[in-house]
$ cat run08.pdb   # PDB, C-alpha atoms
ATOM      1  CA  MET O 237       0.000   0.000   0.000
ATOM      2  CA  ARG O 238       2.899   2.355   0.750
ATOM      3  CA  ALA O 239       4.388   1.758  -2.709
ATOM      4  CA  GLY O 240       1.015   2.362  -4.315
ATOM      5  CA  LEU O 241       0.453   5.640  -2.458
ATOM      6  CA  ASP O 242       3.969   6.846  -3.307
ATOM      7  CA  ALA O 243       3.200   6.267  -7.001
ATOM      8  CA  VAL O 244       0.234   8.685  -6.867
ATOM      9  CA  PRO O 245       1.304  12.134  -8.205
ATOM     10  CA  ALA O 246      -1.001  14.017  -5.797
ATOM     11  CA  GLY O 247       0.044  14.454  -2.176
ATOM     12  CA  ILE O 248      -1.970  12.329   0.259
ATOM     13  CA  VAL O 249      -2.116  12.742   4.057
ATOM     14  CA  LEU O 250      -4.227  10.301   6.122
ATOM     15  CA  ALA O 251      -5.331  11.397   9.618
ATOM     16  CA  ASP O 252      -6.927   9.494  12.500
ATOM     17  CA  GLU O 253     -10.180  10.454  14.233
ATOM     18  CA  HIS O 254      -8.331  13.126  16.255
ATOM     19  CA  GLY O 255      -6.947  14.820  13.132
ATOM     20  CA  ARG O 256      -3.393  13.564  13.706
ATOM     21  CA  PRO O 257      -1.558  12.604  10.461
ATOM     22  CA  VAL O 258      -0.670   8.896  10.493
ATOM     23  CA  LEU O 259       0.431   8.425   6.877
ATOM     24  CA  ARG O 260       1.958  10.591   4.132
ATOM     25  CA  ASN O 261       2.935   9.577   0.640
ATOM     26  CA  ARG O 262       6.074  10.843  -1.083
ATOM     27  CA  ALA O 263       4.313  13.662  -2.968
ATOM     28  CA  ALA O 264       3.008  15.120   0.322
ATOM     29  CA  SER O 265       6.583  15.878   1.418
ATOM     30  CA  VAL O 266       6.897  19.064  -0.638
ATOM     31  CA  GLY O 267      10.275  20.346   0.563
ATOM     32  CA  GLY O 268      11.534  23.921   0.570
ATOM     33  CA  HIS O 269      10.586  26.918   2.714
ATOM     34  CA  SER O 270       6.884  26.498   1.915
ATOM     35  CA  ASP O 271       6.579  23.407   4.164
ATOM     36  CA  VAL O 272       5.176  25.423   7.054
ATOM     37  CA  LEU O 273       2.437  27.049   4.979
ATOM     38  CA  VAL O 274       1.403  23.744   3.419
ATOM     39  CA  ASP O 275       1.439  21.901   6.753
ATOM     40  CA  GLU O 276      -0.681  24.596   8.398
ATOM     41  CA  ALA O 277      -3.257  24.383   5.613
ATOM     42  CA  VAL O 278      -3.297  20.564   5.729
ATOM     43  CA  GLN O 279      -3.745  20.497   9.509
ATOM     44  CA  ARG O 280      -6.576  23.053   9.376
ATOM     45  CA  LEU O 281      -8.442  21.234   6.594
ATOM     46  CA  LEU O 282      -7.962  17.844   8.274
ATOM     47  CA  ALA O 283      -9.421  19.223  11.515
ATOM     48  CA  MET O 284     -12.479  20.491   9.621
ATOM     49  CA  ALA O 285     -12.847  17.189   7.752
ATOM     50  CA  VAL O 286     -12.623  15.139  10.975
ATOM     51  CA  GLY O 287     -15.551  17.207  12.204
ATOM     52  CA  GLY O 288     -17.508  16.068   9.171
ATOM     53  CA  GLN O 289     -17.094  19.241   7.068
ATOM     54  CA  PRO O 290     -15.359  18.895   3.665
ATOM     55  CA  ALA O 291     -13.117  21.873   2.932
ATOM     56  CA  GLU O 292     -10.562  23.057   0.396
ATOM     57  CA  GLN O 293      -8.019  25.833  -0.052
ATOM     58  CA  ARG O 294      -5.903  27.150  -2.931
ATOM     59  CA  LEU O 295      -2.339  28.133  -2.000
ATOM     60  CA  GLN O 296      -0.115  30.350  -4.149
ATOM     61  CA  LEU O 297       3.513  29.925  -3.129
ATOM     62  CA  HIS O 298       5.965  32.484  -4.517
ATOM     63  CA  GLY O 299       8.932  30.113  -4.331
ATOM     64  CA  PRO O 300      11.290  29.927  -5.991
ATOM     65  CA  PRO O 301      10.001  28.139  -7.898
ATOM     66  CA  PRO O 302       6.466  29.609  -7.759
ATOM     67  CA  ARG O 303       3.751  26.989  -7.256
ATOM     68  CA  VAL O 304      -0.008  26.759  -7.038
ATOM     69  CA  LEU O 305      -1.457  24.030  -4.779
ATOM     70  CA  GLN O 306      -5.065  22.946  -4.290
ATOM     71  CA  ILE O 307      -5.589  21.215  -0.913
ATOM     72  CA  ARG O 308      -8.796  19.350  -0.046
ATOM     73  CA  GLY O 309      -9.901  17.893   3.289
ATOM     74  CA  ILE O 310     -12.211  14.860   2.889
ATOM     75  CA  PRO O 311     -14.092  13.196   5.795
ATOM     76  CA  LEU O 312     -13.815   9.381   5.960
ATOM     77  CA  ALA O 313     -16.580   7.022   6.975
ATOM     78  CA  GLY O 314     -16.006   5.646  10.467
ATOM     79  CA  GLY O 315     -13.781   8.560  11.541
ATOM     80  CA  GLY O 316     -10.559  10.091  10.319
ATOM     81  CA  ALA O 317      -9.936  12.275   7.309
ATOM     82  CA  LEU O 318      -7.905  12.512   4.141
ATOM     83  CA  ALA O 319      -6.046  15.537   2.733
ATOM     84  CA  VAL O 320      -5.282  15.588  -0.992
ATOM     85  CA  ILE O 321      -2.676  18.044  -2.302
ATOM     86  CA  ASP O 322      -2.843  18.728  -6.069
ATOM     87  CA  ASP O 323      -0.049  20.692  -7.759
ATOM     88  CA  LEU O 324      -1.733  23.026 -10.269
ATOM     89  CA  SER O 325       1.424  24.981 -11.117
ATOM     90  CA  GLU O 326       1.714  23.827 -14.734
ATOM     91  CA  ARG O 327      -2.000  24.286 -15.358
ATOM     92  CA  ALA O 328      -1.830  27.822 -13.923
ATOM     93  CA  ARG O 329       1.186  28.616 -16.106
ATOM     94  CA  LEU O 330      -0.580  27.432 -19.256
ATOM     95  CA  ASP O 331      -3.698  29.413 -18.353
ATOM     96  CA  ALA O 332      -1.568  32.530 -17.877
ATOM     97  CA  VAL O 333       0.111  32.004 -21.261
ATOM     98  CA  ARG O 334      -3.258  31.619 -22.989
ATOM     99  CA  THR O 335      -4.624  34.729 -21.275
ATOM    100  CA  ASP O 336      -1.537  36.747 -22.238
ATOM    101  CA  PHE O 337      -1.778  35.509 -25.824
ATOM    102  CA  VAL O 338      -5.397  36.633 -26.203
ATOM    103  CA  ALA O 339      -4.673  40.021 -24.591
ATOM    104  CA  ASN O 340      -1.549  40.602 -26.659
ATOM    105  CA  ILE O 341      -3.011  39.645 -30.006
ATOM    106  CA  SER O 342      -6.120  41.745 -29.352
ATOM    107  CA  HIS O 343      -3.989  44.779 -28.491
ATOM    108  CA  GLU O 344      -1.404  44.450 -31.261
ATOM    109  CA  LEU O 345      -3.819  43.684 -34.110
ATOM    110  CA  LYS O 346      -6.082  46.630 -33.302
ATOM    111  CA  THR O 347      -3.827  49.132 -35.110
ATOM    112  CA  PRO O 348      -3.157  47.268 -38.393
ATOM    113  CA  VAL O 349      -6.746  46.002 -38.658
ATOM    114  CA  GLY O 350      -8.040  49.539 -38.111
ATOM    115  CA  ALA O 351      -5.626  50.819 -40.760
ATOM    116  CA  LEU O 352      -6.805  48.159 -43.219
ATOM    117  CA  ALA O 353     -10.415  49.242 -42.740
ATOM    118  CA  VAL O 354      -9.608  52.938 -43.285
ATOM    119  CA  LEU O 355      -7.479  52.227 -46.358
ATOM    120  CA  ALA O 356     -10.146  49.969 -47.853
ATOM    121  CA  GLU O 357     -12.784  52.687 -47.395
ATOM    122  CA  ALA O 358     -10.511  55.275 -49.011
ATOM    123  CA  LEU O 359      -9.808  52.919 -51.911
ATOM    124  CA  ALA O 360     -13.520  52.362 -52.466
ATOM    125  CA  ASP O 361     -14.203  56.107 -52.600
ATOM    126  CA  SER O 362     -11.328  57.047 -54.924
ATOM    127  CA  ASP O 363     -11.333  57.132 -58.745
ATOM    128  CA  ASP O 364      -7.743  58.342 -59.085
ATOM    129  CA  MET O 365      -5.540  55.492 -60.378
ATOM    130  CA  GLU O 366      -2.348  56.867 -58.839
ATOM    131  CA  VAL O 367      -4.014  57.349 -55.448
ATOM    132  CA  ASN O 368      -5.554  53.869 -55.686
ATOM    133  CA  ARG O 369      -2.150  52.364 -56.444
ATOM    134  CA  HIS O 370      -0.619  54.051 -53.392
ATOM    135  CA  LEU O 371      -3.516  52.926 -51.181
ATOM    136  CA  ALA O 372      -3.250  49.364 -52.480
ATOM    137  CA  LEU O 373       0.487  49.201 -51.703
ATOM    138  CA  THR O 374      -0.161  50.547 -48.193
ATOM    139  CA  LEU O 375      -2.879  47.921 -47.752
ATOM    140  CA  VAL O 376      -0.359  45.208 -48.613
ATOM    141  CA  GLU O 377       2.146  46.620 -46.093
ATOM    142  CA  GLU O 378      -0.441  46.692 -43.303
ATOM    143  CA  ALA O 379      -1.572  43.159 -44.147
ATOM    144  CA  HIS O 380       2.041  41.940 -43.939
ATOM    145  CA  ARG O 381       2.462  43.784 -40.632
ATOM    146  CA  ALA O 382      -0.601  42.035 -39.181
ATOM    147  CA  SER O 383       0.627  38.680 -40.532
ATOM    148  CA  ASN O 384       4.099  39.161 -38.997
ATOM    149  CA  THR O 385       2.568  40.069 -35.647
ATOM    150  CA  ILE O 386       0.422  36.922 -35.651
ATOM    151  CA  ASP O 387       3.418  34.754 -36.644
ATOM    152  CA  ASP O 388       5.568  36.162 -33.831
ATOM    153  CA  LEU O 389       2.785  35.789 -31.255
ATOM    154  CA  LEU O 390       2.225  32.175 -32.292
ATOM    155  CA  GLU O 391       5.960  31.484 -32.136
ATOM    156  CA  LEU O 392       6.265  33.039 -28.671
ATOM    157  CA  SER O 393       3.219  31.128 -27.390
ATOM    158  CA  ARG O 394       4.538  27.865 -28.867
ATOM    159  CA  ILE O 395       7.850  28.299 -27.068
ATOM    160  CA  GLU O 396       6.168  29.280 -23.777
ATOM    161  CA  LEU O 397       3.691  26.401 -23.911
ATOM    162  CA  GLY O 398       6.270  23.896 -25.099
ATOM    163  CA  GLY O 399       8.705  24.612 -22.277
ATOM    164  CA  PRO O 400      12.169  23.073 -22.815
ATOM    165  CA  GLY O 401      10.946  21.222 -25.930
ATOM    166  CA  GLU O 402      12.487  18.109 -27.509
ATOM    167  CA  ARG O 403      16.082  17.619 -26.350
ATOM    168  CA  GLU O 404      18.604  16.182 -28.771
ATOM    169  CA  GLU O 405      22.161  16.694 -29.960
ATOM    170  CA  VAL O 406      22.032  19.551 -32.415
ATOM    171  CA  SER O 407      24.682  20.763 -34.851
ATOM    172  CA  VAL O 408      25.727  24.318 -33.957
ATOM    173  CA  ALA O 409      26.758  24.968 -37.569
ATOM    174  CA  GLY O 410      23.368  23.675 -38.739
ATOM    175  CA  VAL O 411      21.449  25.936 -36.345
ATOM    176  CA  ILE O 412      23.380  29.055 -37.325
ATOM    177  CA  GLY O 413      23.361  28.147 -41.017
ATOM    178  CA  GLU O 414      19.570  27.764 -41.070
ATOM    179  CA  ALA O 415      19.038  30.967 -39.071
ATOM    180  CA  VAL O 416      21.331  33.006 -41.343
ATOM    181  CA  ALA O 417      19.808  31.513 -44.509
ATOM    182  CA  ARG O 418      16.384  32.873 -43.503
ATOM    183  CA  HIS O 419      17.681  36.442 -43.701
ATOM    184  CA  ARG O 420      20.434  36.215 -46.318
ATOM    185  CA  LEU O 421      18.228  37.636 -49.084
ATOM    186  CA  THR O 422      16.988  40.466 -46.865
ATOM    187  CA  ALA O 423      20.572  41.353 -45.933
ATOM    188  CA  ASP O 424      21.749  41.283 -49.556
ATOM    189  CA  THR O 425      18.832  43.462 -50.636
ATOM    190  CA  ALA O 426      19.596  45.965 -47.854
ATOM    191  CA  GLY O 427      23.312  46.015 -48.685
ATOM    192  CA  VAL O 428      24.294  44.457 -45.342
ATOM    193  CA  CYS O 429      27.188  41.967 -45.234
ATOM    194  CA  LEU O 430      26.532  38.768 -43.215
ATOM    195  CA  GLU O 431      29.568  36.907 -41.816
ATOM    196  CA  VAL O 432      29.652  33.650 -39.811
ATOM    197  CA  THR O 433      32.516  32.386 -37.598
ATOM    198  CA  LEU O 434      32.553  29.113 -35.613
ATOM    199  CA  VAL O 435      35.240  28.340 -33.005
ATOM    200  CA  GLY O 436      35.318  24.891 -31.393
ATOM    201  CA  ALA O 437      31.554  24.565 -31.336
ATOM    202  CA  LYS O 438      30.168  21.439 -33.000
ATOM    203  CA  MET O 439      27.220  20.008 -31.052
ATOM    204  CA  VAL O 440      24.889  21.257 -28.332
ATOM    205  CA  VAL O 441      22.010  19.572 -26.470
ATOM    206  CA  GLY O 442      18.721  21.415 -26.969
ATOM    207  CA  ASP O 443      15.581  21.940 -29.012
ATOM    208  CA  ARG O 444      16.639  22.611 -32.623
ATOM    209  CA  LEU O 445      13.533  24.593 -33.603
ATOM    210  CA  GLN O 446      13.811  26.873 -30.582
ATOM    211  CA  LEU O 447      17.528  27.484 -31.087
ATOM    212  CA  VAL O 448      17.063  28.278 -34.786
ATOM    213  CA  SER O 449      14.212  30.645 -33.899
ATOM    214  CA  ALA O 450      16.336  32.470 -31.299
ATOM    215  CA  VAL O 451      19.364  32.953 -33.566
ATOM    216  CA  ALA O 452      17.152  33.899 -36.535
ATOM    217  CA  ASN O 453      15.466  36.619 -34.461
ATOM    218  CA  LEU O 454      18.839  38.031 -33.406
ATOM    219  CA  VAL O 455      20.044  38.074 -37.023
ATOM    220  CA  ASP O 456      16.769  39.616 -38.232
ATOM    221  CA  ASN O 457      17.019  42.334 -35.590
ATOM    222  CA  ALA O 458      20.650  43.099 -36.494
ATOM    223  CA  VAL O 459      19.967  43.314 -40.245
ATOM    224  CA  LYS O 460      16.931  45.586 -39.793
ATOM    225  CA  TYR O 461      18.841  48.106 -37.689
ATOM    226  CA  THR O 462      22.045  48.154 -39.767
ATOM    227  CA  ASN O 463      22.415  50.781 -42.475
ATOM    228  CA  PRO O 464      23.430  49.864 -46.055
ATOM    229  CA  GLY O 465      27.148  49.155 -46.295
ATOM    230  CA  GLY O 466      27.306  47.896 -42.721
ATOM    231  CA  GLY O 467      27.910  44.360 -41.512
ATOM    232  CA  VAL O 468      26.416  41.713 -39.216
ATOM    233  CA  ARG O 469      28.774  39.159 -37.683
ATOM    234  CA  VAL O 470      27.448  35.880 -36.266
ATOM    235  CA  SER O 471      29.884  33.850 -34.179
ATOM    236  CA  ALA O 472      29.737  30.753 -31.983
ATOM    237  CA  VAL O 473      32.383  29.904 -29.386
ATOM    238  CA  ALA O 474      32.483  26.856 -27.100
ATOM    239  CA  ALA O 475      34.388  27.293 -23.836
ATOM    240  CA  ASP O 476      34.191  25.993 -20.249
ATOM    241  CA  GLY O 477      31.088  23.879 -20.951
ATOM    242  CA  TRP O 478      29.111  26.746 -22.454
ATOM    243  CA  LEU O 479      28.153  27.755 -25.974
ATOM    244  CA  GLU O 480      28.094  31.477 -26.722
ATOM    245  CA  ILE O 481      26.372  32.605 -29.910
ATOM    246  CA  SER O 482      26.940  36.292 -30.586
ATOM    247  CA  VAL O 483      25.339  38.520 -33.200
ATOM    248  CA  ALA O 484      27.129  41.848 -33.626
ATOM    249  CA  ASP O 485      26.143  44.684 -35.958
ATOM    250  CA  ASP O 486      27.282  48.138 -37.052
ATOM    251  CA  GLY O 487      23.795  49.541 -36.653
ATOM    252  CA  VAL O 488      22.200  52.446 -34.873
ATOM    253  CA  GLY O 489      22.828  51.051 -31.400
ATOM    254  CA  ILE O 490      20.615  51.197 -28.313
ATOM    255  CA  PRO O 491      20.458  54.082 -25.816
ATOM    256  CA  ALA O 492      21.693  53.130 -22.339
ATOM    257  CA  ARG O 493      18.272  53.895 -20.815
ATOM    258  CA  ASP O 494      16.660  51.189 -22.973
ATOM    259  CA  LEU O 495      19.138  48.335 -22.456
ATOM    260  CA  ASP O 496      17.265  46.870 -19.480
ATOM    261  CA  ARG O 497      13.947  46.758 -21.360
ATOM    262  CA  VAL O 498      14.741  45.506 -24.859
ATOM    263  CA  PHE O 499      13.754  41.923 -23.961
ATOM    264  CA  GLU O 500      10.255  42.911 -22.846
ATOM    265  CA  ARG O 501       7.303  42.011 -25.060
ATOM    266  CA  PHE O 502       6.354  44.721 -27.556
ATOM    267  CA  TYR O 503       9.020  47.110 -26.274
ATOM    268  CA  ARG O 504      10.504  49.154 -29.134
ATOM    269  CA  VAL O 505      13.458  51.500 -28.725
ATOM    270  CA  ASP O 506      12.491  53.541 -31.800
ATOM    271  CA  ARG O 507       8.826  53.102 -32.640
ATOM    272  CA  ALA O 508       9.077  55.103 -35.855
ATOM    273  CA  ARG O 509      11.928  52.951 -37.171
ATOM    274  CA  SER O 510      10.219  49.764 -35.967
ATOM    275  CA  ARG O 511       7.243  50.672 -38.107
ATOM    276  CA  ASP O 512       9.477  51.187 -41.153
ATOM    277  CA  THR O 513      11.203  47.820 -40.635
ATOM    278  CA  GLY O 514       8.027  45.931 -39.735
ATOM    279  CA  GLY O 515       9.236  45.045 -36.232
ATOM    280  CA  THR O 516       6.668  43.621 -33.811
ATOM    281  CA  GLY O 517       8.670  43.967 -30.590
ATOM    282  CA  LEU O 518       8.476  40.201 -29.929
ATOM    283  CA  GLY O 519      11.740  38.894 -31.400
ATOM    284  CA  LEU O 520      13.939  39.527 -28.364
ATOM    285  CA  ALA O 521      11.226  38.230 -26.009
ATOM    286  CA  ILE O 522      11.344  34.959 -27.993
ATOM    287  CA  VAL O 523      15.150  34.834 -27.607
ATOM    288  CA  ARG O 524      14.861  35.355 -23.839
ATOM    289  CA  HIS O 525      12.355  32.487 -23.489
ATOM    290  CA  VAL O 526      14.561  30.144 -25.527
ATOM    291  CA  ALA O 527      17.548  31.002 -23.332
ATOM    292  CA  THR O 528      15.516  30.339 -20.161
ATOM    293  CA  ASN O 529      14.188  27.035 -21.529
ATOM    294  CA  HIS O 530      17.780  25.883 -22.097
ATOM    295  CA  GLY O 531      19.091  26.957 -18.690
ATOM    296  CA  GLY O 532      21.010  29.874 -20.179
ATOM    297  CA  GLU O 533      20.772  33.616 -20.620
ATOM    298  CA  VAL O 534      20.853  36.360 -23.238
ATOM    299  CA  SER O 535      22.660  39.671 -22.818
ATOM    300  CA  VAL O 536      23.330  42.805 -24.840
ATOM    301  CA  ARG O 537      26.165  45.312 -25.135
ATOM    302  CA  SER O 538      25.524  48.432 -27.139
ATOM    303  CA  ARG O 539      26.596  51.992 -27.703
ATOM    304  CA  GLU O 540      24.274  54.396 -29.437
ATOM    305  CA  GLY O 541      25.427  55.104 -32.991
ATOM    306  CA  GLU O 542      28.096  52.365 -32.931
ATOM    307  CA  GLY O 543      26.136  49.103 -33.028
ATOM    308  CA  SER O 544      25.062  46.291 -30.710
ATOM    309  CA  THR O 545      26.166  42.784 -29.729
ATOM    310  CA  PHE O 546      23.618  40.248 -28.476
ATOM    311  CA  THR O 547      24.968  37.061 -26.879
ATOM    312  CA  LEU O 548      22.953  33.884 -26.339
ATOM    313  CA  ARG O 549      24.691  31.682 -23.746
ATOM    314  CA  ILE O 550      23.534  28.098 -23.121
ATOM    315  CA  PRO O 551      25.170  25.018 -21.535
ATOM    316  CA  LEU O 552      26.669  22.517 -23.961
ATOM    317  CA  GLN O 553      25.384  19.536 -21.953
ATOM    318  CA  GLU O 554      21.751  19.142 -20.786
ATOM    319  CA  GLU O 555      22.680  18.018 -17.271
ATOM    320  CA  GLN O 556      24.585  21.261 -16.710
TER
END
$ encode --input "run08.pdb" --output "structure tokens"
Amino acid sequence: MRAGLDAVPAGIVLADEHGRPVLRNRAASVGGHSDVLVDEAVQRLLAMAVGGQPAEQRLQLHGPPPRVLQIRGIPLAGGGALAVIDDLSERARLDAVRTDFVANISHELKTPVGALAVLAEALADSDDMEVNRHLALTLVEEAHRASNTIDDLLELSRIELGGPGEREEVSVAGVIGEAVARHRLTADTAGVCLEVTLVGAKMVVGDRLQLVSAVANLVDNAVKYTNPGGGVRVSAVAADGWLEISVADDGVGIPARDLDRVFERFYRVDRARSRDTGGTGLGLAIVRHVATNHGGEVSVRSREGEGSTFTLRIPLQEEQ
């Protein structure tokens, strides 16, 4: 019976007719500094259940790591009571991601959808071919802007919902090659030189799709904010058990006051330029989530007017 109870994922505490715990399974031993809060709630609910009154309580523990627990006190026939502790942390996280997704997409699509409606009305009322041509081109731009926003929101939600993702040995050269290939044409068209350098980095353990997405967003960001004739340098270096992928550019740079906020969702340093380049303000948020999912970090060094260097740092081995 002990082995069977220990196999149950929910915490179980059995109490006698006086409310004293006589049996706990493994999941009921939660560990950490939140033991006192959980034990107090369990004891209180068991006392109520022994008196014949079912009761429950939801606990939000700030951690780290943050957790959400649902504790129920259940009276037992013939005396005694049972406390069941359900960990709802993952369910709460997924609910928060879904809520954020709906709020974000509603907010961000309001502007381009409104612009599409206004442009369509103007197009319908105009008989001037040159004006109609200009309106039609602007319609296409706004439609692409809305499409890019939806794509980035879906990508961010996929990474958040998917967590660490599928772990496997991934070729570093393959990840960077695929990420750079996505933006090679854009760079060539903009007159920006793309260079790649690999030093001692061959394989890394991680989710290939997430890593490609992170590097591609860094390259995309660098190309968009680099003027014609400038360069973007992508490098990967393996040292001391860590892989560092850096993307450096000769672009406009980032003001010091904005460095701490560039990884926030929808934060744009230069909103006017972001509109010209089609930026959604989600690319760097995606990079940050990928870094977190792989037990790493992303950082930035920049000087306004001289360019920026973003560095994605992740452990080479999963167990690290």
$ closest_residue --input "run08.pdb" --among "O:Gly532, O:Gly287, O:Pro311, O:Pro491" --to "O:Leu479" --atoms "only C-alpha atoms"
O:Gly532
$ residues_around --input "run08.pdb" --residues "stretch 466-478 of chain O" --least-positions-apart "3" --cutoff "6 Å" --atoms "only C-alpha atoms" --output "ChimeraX atom specification"
/O:428-437,463,481-486,550-552
$ resolve_selection --input "run08.pdb" --expression "the PyMOL selection byres ((chain O and resi 453-456) around 8)" --output "list in words"
Ala415, Val416, His419, Ser449, Ala450, Val451, Ala452, Asn457, Ala458, Val459, Lys460, Val468, Val470, Val483, Gly519, Leu520, Ile522, Val523 and Phe546 of chain O
$ closest_residue --input "run08.pdb" --among "O:Leu330, O:Leu392, O:Val349, O:Val536" --to "O:Gly489" --atoms "all atoms listed in the file"
O:Val536
$ resolve_selection --input "run08.pdb" --expression "the PyMOL selection byres ((chain O and resi 353-359) around 8)" --output "compact mmCIF listing (two decimals) with C-alpha atoms, in the frame of the given file"
# COMPACT_ATOMS: atom_id res chain seq x y z
CA VAL O 349 -6.75 46.00 -38.66
CA GLY O 350 -8.04 49.54 -38.11
CA ALA O 351 -5.63 50.82 -40.76
CA LEU O 352 -6.80 48.16 -43.22
CA ALA O 360 -13.52 52.36 -52.47
CA ASP O 361 -14.20 56.11 -52.60
CA SER O 362 -11.33 57.05 -54.92
CA ASN O 368 -5.55 53.87 -55.69
CA LEU O 371 -3.52 52.93 -51.18
CA ALA O 372 -3.25 49.36 -52.48
CA THR O 374 -0.16 50.55 -48.19
CA LEU O 375 -2.88 47.92 -47.75
$ residues_around --input "run08.pdb" --residues "stretch 241-254 of chain O" --least-positions-apart "2" --cutoff "12 Å" --atoms "all atoms listed in the file" --output "ChimeraX atom specification"
/O:237-239,256-266,274-275,277-288,305-324
$ write_last_selection --input "run08.pdb" --atoms "C-alpha atoms" --output "tab-separated table (two decimals), in the coordinates of the input"
chain	number	residue	atom	x	y	z
O	237	MET	CA	0.00	0.00	0.00
O	238	ARG	CA	2.90	2.36	0.75
O	239	ALA	CA	4.39	1.76	-2.71
O	256	ARG	CA	-3.39	13.56	13.71
O	257	PRO	CA	-1.56	12.60	10.46
O	258	VAL	CA	-0.67	8.90	10.49
O	259	LEU	CA	0.43	8.43	6.88
O	260	ARG	CA	1.96	10.59	4.13
O	261	ASN	CA	2.94	9.58	0.64
O	262	ARG	CA	6.07	10.84	-1.08
O	263	ALA	CA	4.31	13.66	-2.97
O	264	ALA	CA	3.01	15.12	0.32
O	265	SER	CA	6.58	15.88	1.42
O	266	VAL	CA	6.90	19.06	-0.64
O	274	VAL	CA	1.40	23.74	3.42
O	275	ASP	CA	1.44	21.90	6.75
O	277	ALA	CA	-3.26	24.38	5.61
O	278	VAL	CA	-3.30	20.56	5.73
O	279	GLN	CA	-3.74	20.50	9.51
O	280	ARG	CA	-6.58	23.05	9.38
O	281	LEU	CA	-8.44	21.23	6.59
O	282	LEU	CA	-7.96	17.84	8.27
O	283	ALA	CA	-9.42	19.22	11.52
O	284	MET	CA	-12.48	20.49	9.62
O	285	ALA	CA	-12.85	17.19	7.75
O	286	VAL	CA	-12.62	15.14	10.98
O	287	GLY	CA	-15.55	17.21	12.20
O	288	GLY	CA	-17.51	16.07	9.17
O	305	LEU	CA	-1.46	24.03	-4.78
O	306	GLN	CA	-5.07	22.95	-4.29
O	307	ILE	CA	-5.59	21.22	-0.91
O	308	ARG	CA	-8.80	19.35	-0.05
O	309	GLY	CA	-9.90	17.89	3.29
O	310	ILE	CA	-12.21	14.86	2.89
O	311	PRO	CA	-14.09	13.20	5.80
O	312	LEU	CA	-13.82	9.38	5.96
O	313	ALA	CA	-16.58	7.02	6.98
O	314	GLY	CA	-16.01	5.65	10.47
O	315	GLY	CA	-13.78	8.56	11.54
O	316	GLY	CA	-10.56	10.09	10.32
O	317	ALA	CA	-9.94	12.28	7.31
O	318	LEU	CA	-7.90	12.51	4.14
O	319	ALA	CA	-6.05	15.54	2.73
O	320	VAL	CA	-5.28	15.59	-0.99
O	321	ILE	CA	-2.68	18.04	-2.30
O	322	ASP	CA	-2.84	18.73	-6.07
O	323	ASP	CA	-0.05	20.69	-7.76
O	324	LEU	CA	-1.73	23.03	-10.27
$ closest_residue --input "run08.pdb" --among "O:Ser538, O:Asp271, O:Gly255, O:Gln296" --to "O:Gly487" --atoms "only C-alpha atoms"
O:Ser538
$ atom_distance --input "run08.pdb" --atom1 "atom CA of O:Thr528" --atom2 "atom CA of O:Thr547"
13.4 Å
$ atom_distance --input "run08.pdb" --atom1 "atom CA of O:Ala382" --atom2 "atom CA of O:Val338"
14.9 Å
$ closest_residue --input "run08.pdb" --among "O:Tyr461, O:Leu548, O:Ala423, O:Val498" --to "O:Val448" --atoms "all atoms listed in the file"
O:Leu548
$ atom_distance --input "run08.pdb" --atom1 "atom CA of O:Glu500" --atom2 "atom CA of O:Ala521"
5.7 Å
$ residues_around --input "run08.pdb" --residues "stretch 438-444 of chain O" --least-positions-apart "4" --cutoff "7 Å" --atoms "all atoms listed in the file" --output "JSON, numbers by chain"
{"O": [401, 402, 403, 404, 405, 406, 407, 408, 409, 411, 448, 530, 552, 553, 554]}
$ decode --input "run08.pdb" --residues "stretch 380-386 of chain O" --atoms "N, CA, C and O atoms" --output "PDB file, in the first residue's frame"
ATOM      1  N   HIS O 380       0.815  42.652 -44.311  1.00  0.00           N
ATOM      2  CA  HIS O 380       2.041  41.940 -43.939  1.00  0.00           C
ATOM      3  C   HIS O 380       2.401  42.208 -42.480  1.00  0.00           C
ATOM      4  O   HIS O 380       2.869  41.312 -41.771  1.00  0.00           O
ATOM      5  N   ARG O 381       2.173  43.442 -42.029  1.00  0.00           N
ATOM      6  CA  ARG O 381       2.462  43.784 -40.632  1.00  0.00           C
ATOM      7  C   ARG O 381       1.594  42.950 -39.686  1.00  0.00           C
ATOM      8  O   ARG O 381       2.066  42.413 -38.687  1.00  0.00           O
ATOM      9  N   ALA O 382       0.301  42.839 -40.010  1.00  0.00           N
ATOM     10  CA  ALA O 382      -0.601  42.035 -39.181  1.00  0.00           C
ATOM     11  C   ALA O 382      -0.183  40.565 -39.206  1.00  0.00           C
ATOM     12  O   ALA O 382      -0.192  39.881 -38.173  1.00  0.00           O
ATOM     13  N   SER O 383       0.203  40.080 -40.404  1.00  0.00           N
ATOM     14  CA  SER O 383       0.627  38.680 -40.532  1.00  0.00           C
ATOM     15  C   SER O 383       1.888  38.413 -39.717  1.00  0.00           C
ATOM     16  O   SER O 383       1.997  37.382 -39.031  1.00  0.00           O
ATOM     17  N   ASN O 384       2.862  39.335 -39.762  1.00  0.00           N
ATOM     18  CA  ASN O 384       4.099  39.161 -38.997  1.00  0.00           C
ATOM     19  C   ASN O 384       3.829  39.165 -37.496  1.00  0.00           C
ATOM     20  O   ASN O 384       4.445  38.403 -36.738  1.00  0.00           O
ATOM     21  N   THR O 385       2.913  40.023 -37.069  1.00  0.00           N
ATOM     22  CA  THR O 385       2.568  40.069 -35.647  1.00  0.00           C
ATOM     23  C   THR O 385       1.962  38.747 -35.194  1.00  0.00           C
ATOM     24  O   THR O 385       2.313  38.207 -34.134  1.00  0.00           O
ATOM     25  N   ILE O 386       1.054  38.207 -35.989  1.00  0.00           N
ATOM     26  CA  ILE O 386       0.422  36.922 -35.651  1.00  0.00           C
ATOM     27  C   ILE O 386       1.465  35.812 -35.615  1.00  0.00           C
ATOM     28  O   ILE O 386       1.485  34.985 -34.693  1.00  0.00           O
TER      29      ILE O 386
END
